[in-house]
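> My structure is stored as query01.txt, with compact mmCIF, C-alpha atoms and all ligand atoms.
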```
# COMPACT_ATOMS: atom_id res chain seq x y z
CA MET A 1 -11.72 29.38 -10.21
CA THR A 2 -8.28 28.68 -8.69
CA ASP A 3 -7.95 27.12 -5.23
CA ARG A 4 -7.16 29.41 -2.31
CA VAL A 5 -3.44 29.38 -1.40
CA ILE A 6 -2.91 27.74 2.01
CA LYS A 7 -0.32 29.33 4.30
CA ILE A 8 1.57 26.53 6.01
CA GLY A 9 4.38 26.02 8.51
CA PHE A 10 6.56 23.06 9.44
CA ILE A 11 7.64 22.08 12.94
CA GLY A 12 10.81 20.04 12.54
CA ALA A 13 13.18 20.00 9.58
CA GLY A 14 13.98 16.30 9.97
CA ALA A 15 13.26 13.22 7.88
CA ILE A 16 9.46 13.11 7.98
CA ASN A 17 9.00 16.72 6.88
CA PHE A 18 11.96 17.12 4.49
CA GLY A 19 13.12 13.58 3.66
CA ARG A 20 16.45 11.81 3.85
CA SER A 21 18.13 9.21 1.64
CA HIS A 22 16.68 5.67 1.80
CA VAL A 23 13.31 6.70 3.31
CA PRO A 24 10.05 6.98 1.37
CA TRP A 25 8.63 9.82 3.49
CA ASP A 26 9.13 13.55 2.80
CA HIS A 27 6.03 15.67 3.40
CA ALA A 28 7.47 18.87 1.87
CA SER A 29 8.06 17.23 -1.53
CA ARG A 30 4.51 15.87 -1.63
CA LEU A 31 3.05 19.24 -0.62
CA GLU A 32 5.11 20.88 -3.39
CA GLN A 33 3.62 18.40 -5.88
CA ILE A 34 0.11 19.19 -4.68
CA GLY A 35 0.83 22.95 -4.90
CA GLY A 36 -1.35 25.85 -3.76
CA ILE A 37 0.83 26.43 -0.68
CA ASP A 38 2.86 29.29 0.75
CA VAL A 39 5.41 28.07 3.31
CA VAL A 40 5.68 30.87 5.88
CA GLY A 41 7.88 29.25 8.50
CA ILE A 42 10.03 26.34 9.60
CA VAL A 43 10.46 25.81 13.35
CA GLU A 44 13.58 23.80 14.15
CA LEU A 45 15.95 23.67 17.12
CA ASP A 46 18.89 22.89 14.84
CA GLU A 47 19.35 26.16 12.99
CA LYS A 48 22.03 24.79 10.69
CA LEU A 49 19.74 22.00 9.54
CA ALA A 50 16.82 24.39 8.98
CA THR A 51 18.99 26.79 6.98
CA SER A 52 20.35 24.04 4.78
CA VAL A 53 16.90 22.52 4.19
CA LEU A 54 15.44 25.91 3.29
CA GLN A 55 18.33 26.74 0.96
CA THR A 56 17.87 23.45 -0.88
CA ARG A 57 14.13 23.98 -1.25
CA LYS A 58 14.51 27.61 -2.36
CA SER A 59 17.02 26.58 -5.03
CA SER A 60 14.45 24.41 -6.84
CA ALA A 61 13.50 26.07 -10.14
CA LYS A 62 10.07 24.45 -10.02
CA TYR A 63 9.12 24.70 -6.34
CA GLY A 64 11.41 27.40 -4.87
CA CYS A 65 8.57 29.92 -5.20
CA PHE A 66 6.64 28.18 -2.38
CA TYR A 67 9.39 29.20 0.09
CA ARG A 68 9.81 32.89 -0.90
CA ASN A 69 8.27 34.11 2.37
CA CYS A 70 9.65 31.37 4.61
CA LYS A 71 11.30 32.32 7.92
CA ILE A 72 13.17 30.09 10.36
CA PHE A 73 12.24 30.00 14.06
CA LYS A 74 13.31 28.09 17.14
CA ASN A 75 10.06 28.54 19.04
CA PHE A 76 6.70 27.43 17.64
CA LYS A 77 4.98 30.44 19.24
CA ASP A 78 6.69 32.66 16.63
CA LEU A 79 4.96 30.62 13.94
CA ILE A 80 1.58 30.96 15.67
CA ALA A 81 2.08 34.73 15.54
CA LEU A 82 2.24 34.52 11.72
CA LYS A 83 -1.22 32.88 11.71
CA PRO A 84 -0.67 30.17 9.10
CA ASP A 85 -3.75 28.24 7.97
CA ALA A 86 -2.15 24.89 8.80
CA VAL A 87 0.92 23.42 10.42
CA PHE A 88 2.76 20.11 9.93
CA ILE A 89 4.15 18.85 13.25
CA GLY A 90 6.96 16.37 12.55
CA ILE A 91 9.12 16.26 15.67
CA PRO A 92 9.69 13.21 17.89
CA PRO A 93 6.84 12.43 20.30
CA ALA A 94 8.94 13.17 23.40
CA PHE A 95 8.74 16.88 22.44
CA ARG A 96 4.97 17.12 22.06
CA GLY A 97 1.67 15.54 23.14
CA SER A 98 1.82 16.87 26.72
CA PHE A 99 0.65 19.75 28.94
CA SER A 100 4.32 20.40 29.83
CA GLU A 101 5.62 23.86 28.88
CA GLY A 102 6.79 23.86 25.25
CA LYS A 103 5.33 20.40 24.50
CA ASP A 104 1.69 21.45 24.15
CA LEU A 105 2.05 22.38 20.47
CA GLU A 106 -1.12 20.67 19.21
CA LEU A 107 -3.17 22.40 21.90
CA GLN A 108 -1.64 25.84 21.27
CA PHE A 109 -2.15 25.62 17.51
CA ALA A 110 -5.72 24.35 17.92
CA ARG A 111 -6.55 27.14 20.39
CA ALA A 112 -5.14 29.65 17.88
CA GLY A 113 -7.53 28.27 15.21
CA ILE A 114 -4.69 26.77 13.12
CA HIS A 115 -5.33 23.38 11.47
CA VAL A 116 -2.88 20.65 12.43
CA PHE A 117 -1.31 17.70 10.69
CA VAL A 118 0.62 15.79 13.36
CA GLU A 119 2.73 12.68 13.12
CA LYS A 120 2.28 9.46 15.03
CA PRO A 121 2.77 8.49 17.81
CA LEU A 122 0.78 11.16 19.61
CA SER A 123 2.93 11.24 22.75
CA VAL A 124 5.30 9.17 24.86
CA LEU A 125 3.38 9.62 28.10
CA PRO A 126 1.56 6.68 29.67
CA PRO A 127 -2.09 6.88 28.51
CA GLU A 128 -3.44 7.83 31.96
CA GLU A 129 -1.25 10.97 31.83
CA TYR A 130 -1.79 11.58 28.10
CA LEU A 131 -5.58 11.19 27.79
CA PRO A 132 -6.53 14.46 29.60
CA TYR A 133 -4.26 16.23 27.10
CA ALA A 134 -5.92 14.42 24.15
CA LYS A 135 -9.32 15.53 25.46
CA ALA A 136 -8.15 19.14 25.75
CA VAL A 137 -6.92 19.06 22.12
CA SER A 138 -10.19 17.53 20.87
CA ASP A 139 -12.23 20.08 22.88
CA ALA A 140 -10.17 22.98 21.46
CA CYS A 141 -10.68 21.61 17.92
CA LYS A 142 -14.45 21.54 18.42
CA GLU A 143 -14.51 25.01 19.91
CA LYS A 144 -12.29 26.59 17.24
CA ASN A 145 -13.46 24.52 14.26
CA VAL A 146 -9.96 23.14 13.76
CA ILE A 147 -9.15 20.03 11.71
CA VAL A 148 -6.49 17.64 12.99
CA SER A 149 -5.15 14.84 10.81
CA VAL A 150 -2.79 12.27 12.30
CA GLY A 151 -0.07 10.69 10.12
CA TYR A 152 -1.56 7.20 9.72
CA MET A 153 -0.99 7.26 5.96
CA PHE A 154 -1.88 3.57 5.46
CA ARG A 155 -5.53 4.55 5.97
CA TYR A 156 -5.22 6.16 2.50
CA HIS A 157 -3.32 3.25 0.89
CA ALA A 158 -5.12 1.90 -2.20
CA GLY A 159 -4.46 -1.71 -1.06
CA ILE A 160 -6.01 -1.10 2.37
CA LEU A 161 -9.02 0.64 0.85
CA LYS A 162 -9.43 -2.30 -1.56
CA MET A 163 -9.31 -4.71 1.41
CA LYS A 164 -12.08 -2.78 3.15
CA GLU A 165 -14.15 -2.74 -0.06
CA LEU A 166 -13.74 -6.52 -0.58
CA ILE A 167 -14.60 -7.27 3.06
CA LYS A 168 -17.77 -5.21 2.79
CA ALA A 169 -18.77 -6.83 -0.51
CA HIS A 170 -18.11 -10.34 0.88
CA GLY A 171 -20.17 -9.71 4.04
CA GLY A 172 -19.78 -11.29 7.46
CA LYS A 173 -17.25 -10.69 10.19
CA VAL A 174 -13.47 -10.76 10.18
CA MET A 175 -12.37 -13.94 11.96
CA ALA A 176 -8.60 -13.36 12.02
CA PHE A 177 -6.20 -10.46 11.55
CA ASN A 178 -2.44 -10.98 11.52
CA ALA A 179 0.17 -8.24 10.98
CA ARG A 180 3.94 -8.62 10.76
CA TYR A 181 6.39 -5.72 10.84
CA TYR A 182 10.06 -6.60 10.52
CA PHE A 183 12.32 -3.63 11.24
CA ALA A 184 15.58 -3.43 9.23
CA TYR A 185 17.95 -2.15 11.88
CA THR A 186 21.59 -2.45 10.82
CA LYS A 187 21.64 0.91 9.04
CA ALA A 188 18.97 2.59 11.18
CA ILE A 189 20.03 6.18 11.01
CA ASN A 190 18.00 7.52 13.92
CA LYS A 191 19.37 6.85 17.39
CA TYR A 192 16.06 7.74 18.97
CA TRP A 193 14.44 4.57 17.60
CA PHE A 194 16.60 2.63 20.05
CA ASN A 195 15.54 4.62 23.08
CA GLU A 196 12.15 3.55 24.46
CA ASP A 197 11.86 6.59 26.77
CA PHE A 198 12.28 8.86 23.79
CA SER A 199 10.35 7.04 21.05
CA GLY A 200 7.85 4.97 23.05
CA GLY A 201 9.43 1.73 21.80
CA PRO A 202 8.83 -0.36 18.67
CA ILE A 203 5.08 -0.89 19.10
CA VAL A 204 4.19 2.66 20.18
CA GLU A 205 6.52 4.17 17.53
CA GLN A 206 6.55 1.81 14.53
CA ALA A 207 4.04 -1.04 14.69
CA THR A 208 1.50 1.63 15.69
CA HIS A 209 0.66 1.80 11.95
CA PHE A 210 -0.43 -1.84 12.03
CA CYS A 211 -2.32 -1.51 15.32
CA ASP A 212 -4.11 1.40 13.71
CA LEU A 213 -4.92 -0.74 10.67
CA ALA A 214 -6.27 -3.52 12.90
CA ARG A 215 -8.73 -0.95 14.27
CA PHE A 216 -9.39 0.55 10.81
CA ILE A 217 -9.97 -2.77 9.02
CA VAL A 218 -11.66 -4.82 11.75
CA SER A 219 -12.88 -2.93 14.83
CA ASP A 220 -11.72 -1.65 18.20
CA VAL A 221 -9.85 -4.08 20.36
CA ASP A 222 -10.90 -5.38 23.76
CA THR A 223 -7.71 -4.23 25.47
CA ASP A 224 -8.35 -6.48 28.50
CA THR A 225 -7.71 -9.50 26.24
CA ILE A 226 -4.29 -8.35 24.99
CA HIS A 227 -1.38 -10.61 25.85
CA THR A 228 2.22 -9.99 24.79
CA LEU A 229 5.47 -11.94 24.81
CA LEU A 230 8.78 -10.09 24.48
CA LEU A 231 12.27 -11.24 23.57
CA LYS A 232 14.71 -8.80 25.13
CA ASP A 233 18.42 -8.18 24.83
CA SER A 234 18.74 -9.21 28.47
CA ASP A 235 17.15 -12.64 27.84
CA PRO A 236 19.38 -15.24 29.55
CA SER A 237 19.25 -17.42 26.41
CA ASN A 238 21.11 -14.65 24.51
CA ALA A 239 18.60 -15.12 21.64
CA GLY A 240 17.79 -11.40 21.79
CA HIS A 241 21.34 -10.20 21.30
CA LEU A 242 21.93 -7.91 18.28
CA ALA A 243 25.46 -7.74 16.86
CA TYR A 244 24.97 -5.03 14.20
CA VAL A 245 23.46 -2.04 16.04
CA PRO A 246 24.84 0.98 14.15
CA GLU A 247 26.93 3.83 15.56
CA GLN A 248 26.91 2.64 19.17
CA ALA A 249 23.20 3.53 19.30
CA GLU A 250 22.65 1.33 22.35
CA ASP A 251 25.95 1.65 24.19
CA ASP A 252 24.51 4.03 26.77
CA ILE A 253 21.28 2.04 27.24
CA ALA A 254 21.24 -0.72 29.88
CA PRO A 255 20.42 -4.20 28.42
CA GLN A 256 17.09 -4.44 30.30
CA LYS A 257 16.05 -1.02 28.89
CA ARG A 258 16.91 -1.82 25.26
CA ILE A 259 14.02 -2.10 22.81
CA PRO A 260 12.49 -5.58 22.61
CA ARG A 261 13.93 -7.60 19.72
CA VAL A 262 10.69 -9.50 19.19
CA THR A 263 7.21 -8.51 20.32
CA MET A 264 4.38 -11.01 19.81
CA SER A 265 0.93 -9.96 20.86
CA HIS A 266 -2.61 -11.25 20.45
CA TRP A 267 -6.08 -10.03 21.35
CA ARG A 268 -9.81 -10.29 20.73
CA PHE A 269 -11.53 -7.57 18.71
CA LYS A 270 -14.72 -6.00 20.10
CA ASP A 271 -16.32 -7.38 16.91
CA GLY A 272 -15.43 -10.93 18.00
CA GLY A 273 -12.50 -11.93 15.77
CA LEU A 274 -8.93 -12.53 16.91
CA GLY A 275 -5.83 -10.46 16.12
CA THR A 276 -2.09 -11.01 16.30
CA LEU A 277 0.92 -8.77 15.78
CA MET A 278 4.58 -9.63 15.45
CA HIS A 279 7.30 -6.97 15.44
CA SER A 280 10.95 -7.90 15.13
CA VAL A 281 14.30 -6.11 15.05
CA ALA A 282 16.52 -8.43 13.03
CA LEU A 283 16.62 -7.60 9.32
CA PRO A 284 19.78 -6.19 7.73
CA GLY A 285 19.89 -2.95 5.73
CA THR A 286 17.14 -0.34 5.52
CA ARG A 287 14.27 -2.16 3.80
CA TYR A 288 11.52 -3.04 6.29
CA GLU A 289 9.19 -5.93 5.58
CA ALA A 290 5.52 -5.83 6.41
CA ASN A 291 2.49 -8.00 5.70
CA ILE A 292 -1.12 -8.12 6.78
CA ASP A 293 -3.42 -11.15 6.50
CA VAL A 294 -7.15 -10.95 7.07
CA GLN A 295 -9.50 -13.94 7.01
CA LEU A 296 -13.26 -14.20 6.87
CA ASP A 297 -15.29 -17.33 6.22
CA GLY A 298 -14.49 -18.02 2.53
CA LEU A 299 -12.18 -15.01 2.01
CA LYS A 300 -8.47 -14.47 2.61
CA LEU A 301 -6.76 -11.13 1.92
CA SER A 302 -2.97 -10.81 2.12
CA LEU A 303 -1.42 -7.38 1.75
CA ILE A 304 2.23 -7.99 0.91
CA GLU A 305 4.75 -5.17 1.49
CA PRO A 306 2.48 -2.12 1.73
CA TYR A 307 5.57 0.16 2.09
CA GLU A 308 6.79 -0.85 -1.40
CA LYS A 309 5.74 0.31 -4.87
CA ASP A 310 5.31 -3.32 -5.95
CA CYS A 311 2.90 -4.04 -3.08
CA ILE A 312 0.48 -6.89 -3.82
CA LEU A 313 -2.99 -7.61 -2.46
CA ARG A 314 -3.48 -11.38 -2.88
CA VAL A 315 -7.06 -12.54 -2.58
CA ARG A 316 -8.52 -16.03 -2.31
CA SER A 317 -12.27 -16.17 -2.33
CA ILE A 318 -15.10 -18.68 -2.38
CA LYS A 319 -16.64 -16.36 -4.98
CA ASN A 320 -13.82 -17.07 -7.48
CA ASP A 321 -14.60 -19.78 -10.06
CA GLU A 322 -11.58 -21.73 -8.80
CA ALA A 323 -11.47 -21.69 -4.97
CA ASN A 324 -7.76 -22.63 -4.87
CA GLN A 325 -6.81 -19.72 -7.12
CA ASP A 326 -5.23 -16.46 -5.91
CA GLN A 327 -6.19 -13.18 -7.52
CA ASP A 328 -3.55 -10.42 -7.32
CA PHE A 329 -4.17 -6.68 -7.25
CA THR A 330 -1.28 -4.20 -7.62
CA PHE A 331 -1.08 -0.46 -7.01
CA PRO A 332 2.01 0.81 -8.86
CA SER A 333 0.97 4.47 -8.95
CA ASP A 334 -0.30 4.64 -5.38
CA ASP A 335 1.36 7.09 -2.98
CA SER A 336 -0.47 7.03 0.34
CA TYR A 337 1.54 9.97 1.77
CA LEU A 338 0.48 12.07 -1.22
CA THR A 339 -3.19 11.09 -0.85
CA GLU A 340 -3.08 11.69 2.91
CA LEU A 341 -1.60 15.19 2.58
CA GLY A 342 -3.80 16.12 -0.40
CA THR A 343 -6.86 15.04 1.58
CA PHE A 344 -5.79 17.17 4.55
CA LEU A 345 -5.35 20.28 2.37
CA THR A 346 -8.74 19.67 0.73
CA ALA A 347 -10.33 19.26 4.17
CA VAL A 348 -8.75 22.57 5.25
CA ARG A 349 -9.85 24.38 2.08
CA ASN A 350 -13.42 23.07 2.32
CA ASN A 351 -13.55 23.24 6.11
CA ASP A 352 -14.65 19.58 6.09
CA PRO A 353 -13.14 17.42 8.88
CA SER A 354 -15.11 14.38 7.68
CA LEU A 355 -12.63 13.90 4.79
CA VAL A 356 -9.81 13.10 7.21
CA LYS A 357 -9.49 9.38 7.92
CA SER A 358 -7.49 9.69 11.15
CA SER A 359 -8.79 12.26 13.62
CA TYR A 360 -6.98 13.15 16.83
CA SER A 361 -9.53 11.44 19.09
CA ASP A 362 -9.49 8.26 17.00
CA ALA A 363 -5.68 8.17 16.89
CA ALA A 364 -5.69 8.50 20.70
CA LEU A 365 -7.44 5.10 20.80
CA THR A 366 -4.66 3.58 18.68
CA TYR A 367 -2.18 5.14 21.11
CA GLN A 368 -3.96 3.42 24.01
CA MET A 369 -3.90 0.09 22.16
CA THR A 370 -0.14 0.30 21.55
CA TRP A 371 0.48 1.02 25.23
CA SER A 372 -1.73 -1.91 26.21
CA ILE A 373 0.42 -4.16 24.00
CA ARG A 374 3.62 -2.71 25.47
CA ARG A 375 2.39 -3.36 29.01
CA ALA A 376 0.51 -6.66 28.62
CA THR A 377 3.42 -8.95 29.40
N1 LIG B 1 4.20 8.35 9.14
C1 LIG B 1 5.39 7.87 8.87
O1 LIG B 1 5.56 7.01 8.03
C2 LIG B 1 6.59 8.43 9.60
C3 LIG B 1 7.86 8.23 9.08
C4 LIG B 1 8.95 8.79 9.74
C5 LIG B 1 8.76 9.51 10.92
N2 LIG B 1 7.50 9.66 11.42
C6 LIG B 1 7.29 10.41 12.69
O2 LIG B 1 7.73 11.76 12.54
C7 LIG B 1 8.25 12.23 13.77
C8 LIG B 1 9.64 12.82 13.52
O3 LIG B 1 10.50 11.81 13.02
P1 LIG B 1 11.75 12.16 12.10
O4 LIG B 1 12.21 10.84 11.55
O5 LIG B 1 11.43 13.26 11.17
O6 LIG B 1 12.80 12.67 13.19
P2 LIG B 1 14.15 13.48 12.92
O7 LIG B 1 15.02 13.24 14.10
O8 LIG B 1 14.69 13.18 11.55
O9 LIG B 1 13.71 15.01 12.92
C9 LIG B 1 13.11 15.62 14.01
C10 LIG B 1 13.56 17.08 14.03
O10 LIG B 1 12.77 17.76 15.01
C11 LIG B 1 13.62 18.74 15.61
N3 LIG B 1 12.98 19.11 16.89
C12 LIG B 1 12.88 18.40 18.03
N4 LIG B 1 12.17 19.10 18.95
C13 LIG B 1 11.81 20.26 18.39
C14 LIG B 1 11.06 21.38 18.84
N5 LIG B 1 10.51 21.41 20.06
N6 LIG B 1 10.89 22.41 17.99
C15 LIG B 1 11.44 22.40 16.76
N7 LIG B 1 12.16 21.35 16.26
C16 LIG B 1 12.34 20.29 17.08
C17 LIG B 1 14.96 18.05 15.75
O11 LIG B 1 16.00 18.99 15.90
C18 LIG B 1 15.04 17.26 14.45
O12 LIG B 1 15.72 17.96 13.42
C19 LIG B 1 8.23 11.04 14.72
O13 LIG B 1 7.09 11.13 15.53
C20 LIG B 1 8.13 9.84 13.81
O14 LIG B 1 7.45 8.74 14.40
C21 LIG B 1 6.42 9.16 10.77
```
Any chance you could give the structure as structure tokens?

Amino acid sequence: MTDRVIKIGFIGAGAINFGRSHVPWDHASRLEQIGGIDVVGIVELDEKLATSVLQTRKSSAKYGCFYRNCKIFKNFKDLIALKPDAVFIGIPPAFRGSFSEGKDLELQFARAGIHVFVEKPLSVLPPEEYLPYAKAVSDACKEKNVIVSVGYMFRYHAGILKMKELIKAHGGKVMAFNARYYFAYTKAINKYWFNEDFSGGPIVEQATHFCDLARFIVSDVDTDTIHTLLLKDSDPSNAGHLAYVPEQAEDDIAPQKRIPRVTMSHWRFKDGGLGTLMHSVALPGTRYEANIDVQLDGLKLSLIEPYEKDCILRVRSIKNDEANQDQDFTFPSDDSYLTELGTFLTAVRNNDPSLVKSSYSDAALTYQMTWSIRRAT
């Protein structure tokens, strides 16, 4: 028996949905690989971009057939009218995640019974304004039997899943969690990353993946214990000054409103252990660097460069014959975006929300954590 074809639509024809040079993400290409889809619409404000993206996709000998019926719209309500099975919302958070007219996409799709894959972060509103909206989305999902998956793809990463497996097998509690995310900024092609009002800032927008992993690997965080230090462009020492910001991305942003150059935060998990996060904006080029260390009594797990194909999980364990010895695990064929999207389509086909590792209500807790870090200075 062949799988049922899933009618899908995209909101946004930008980098996350259709890729761009130098970035590993591109949902459309992964969905094409998975197959069993019929793309019925692309909603995009920039008509020229949408037309060019669609032309490129249609011209593929192998995958062009998925776009035969695809129409271009400017308003997401036109896509709702086509009643797709699922929609992939990949527009910046300032345009969604809110009761405001035209920004309540998740809610409108859920109320129409259409399954939703939505990117992080869930909003840019302060949590006290956002949480009633999150509740309305979750309530609509329950009422209409709608599955929402949020784009925390690292929850599907083979290295992260191995870490969770090893922690469980070792037993005991995580004592320490430390994540580092170094943003490569000198060729950052998206101006909105530099605008905190628009993106939410580096923790809400980028390091959110690592806050989410702290919650996924260890436990929820006691947000009252969070403390954060920031190094800003306006720091009198001048240590936060950046000389290589591309294309005048910050010229129209006042120094005190520019994104923090370094964010260092620490907290206590509800499970008892301690966590730290460092985000910096200093690396040249486009290659980010990221690492996660987790320690339990007698076990250390270091996930080195989870964004890269040659990612390593380095393990030191009391259970090894030689306690000073590292054991390395590699995951050369892993593609967490592919697993994430494949899992979402399977969940939709089988009407089984339990397959999804990042639900809307759970991701709302990560959103709250990132705002607590942003504010706890
Ligand atoms: N999970 C990941 O690894 C990952 C990676 C990259 C981006 N993202 C997320 O994806 C989202 C989009 O980022 P991007 O890099 O694709 O941005 P982008 O600027 O490349 O593309 C966004 C597109 O959305 C369009 N748009 C804006 N408002 C719209 C609306 N109301 N209706 C229709 N189209 C609209 C814009 O015209 C633009 O073309 C962000 O939330 C970002 O955080 C996630």
> Counting all atoms listed in the file, what are the residues of range 274-338 of chain A within 12 Å of range 19-26 of chain A, and for each of them which pair of atoms is the nearest and at what distance in Å, to one decimal? Sort the table by chain and rising number, as a Markdown table.

```
| residue | atom | partner | partner_atom | distance |
| --- | --- | --- | --- | --- |
| A:Gly285 | CA | A:His22 | CA | 10.0 |
| A:Thr286 | CA | A:His22 | CA | 7.1 |
| A:Arg287 | CA | A:His22 | CA | 8.4 |
| A:Tyr288 | CA | A:Val23 | CA | 10.3 |
| A:Pro306 | CA | A:Pro24 | CA | 11.8 |
| A:Tyr307 | CA | A:Pro24 | CA | 8.2 |
| A:Glu308 | CA | A:Pro24 | CA | 8.9 |
| A:Lys309 | CA | A:Pro24 | CA | 10.1 |
| A:Asp335 | CA | A:Pro24 | CA | 9.7 |
| A:Ser336 | CA | A:Trp25 | CA | 10.0 |
| A:Tyr337 | CA | A:Trp25 | CA | 7.3 |
| A:Leu338 | CA | A:Asp26 | CA | 9.7 |
```
> Quick one: of A:Tyr367, A:Tyr130, A:Tyr152, A:Phe177, who's nearest to ligand LIG 1 (chain B), counting all atoms listed in the file?
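For ligand LIG 1 (chain B), the nearest of the given residues is A:Tyr152.
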> Let me make sure I understand: among A:Cys311, A:Lys164, A:Ser358, A:Ala254, which one has the smallest atom-to-atom distance to ligand LIG 1 (chain B) if we use only C-alpha atoms and all ligand atoms?
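Of A:Cys311, A:Lys164, A:Ser358, A:Ala254, the one nearest ligand LIG 1 (chain B) is A:Ser358, counting only C-alpha atoms and all ligand atoms.
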> Near Leu131 in chain A, within 10 Å and counting all atoms listed in the file, which residues show up once chain neighbours fewer than 6 positions away are dropped, as a ChimeraX atom specification?
/A:97-98,123,125,137,361,364-365,367-368
> Near range 56-60 of chain A, within 10 Å and counting all atoms listed in the file, which residues show up once chain neighbours fewer than 3 positions away are dropped, as a VMD selection string?
chain A and resid 18 28 to 29 32 50 to 53 63 to 68 70
> Of the candidates A:Asp85, A:Glu247, A:Glu47, A:Asp271, which shows the shortest atom-to-atom distance to ligand LIG 1 (chain B), using only C-alpha atoms and all ligand atoms?
A:Glu47
> Taking all atoms listed in the file into account, which of A:Ser280, A:Gln33, A:Ser237, A:Ser302 comes nearest Thr330 in chain A?
A:Ser302
> May I ask which of the residues A:Ile217, A:Met175, A:Ile8, A:Leu283 is the closest one to Val245 in chain A, counting only C-alpha atoms?
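Distance minimum relative to Val245 in chain A lands on A:Leu283.
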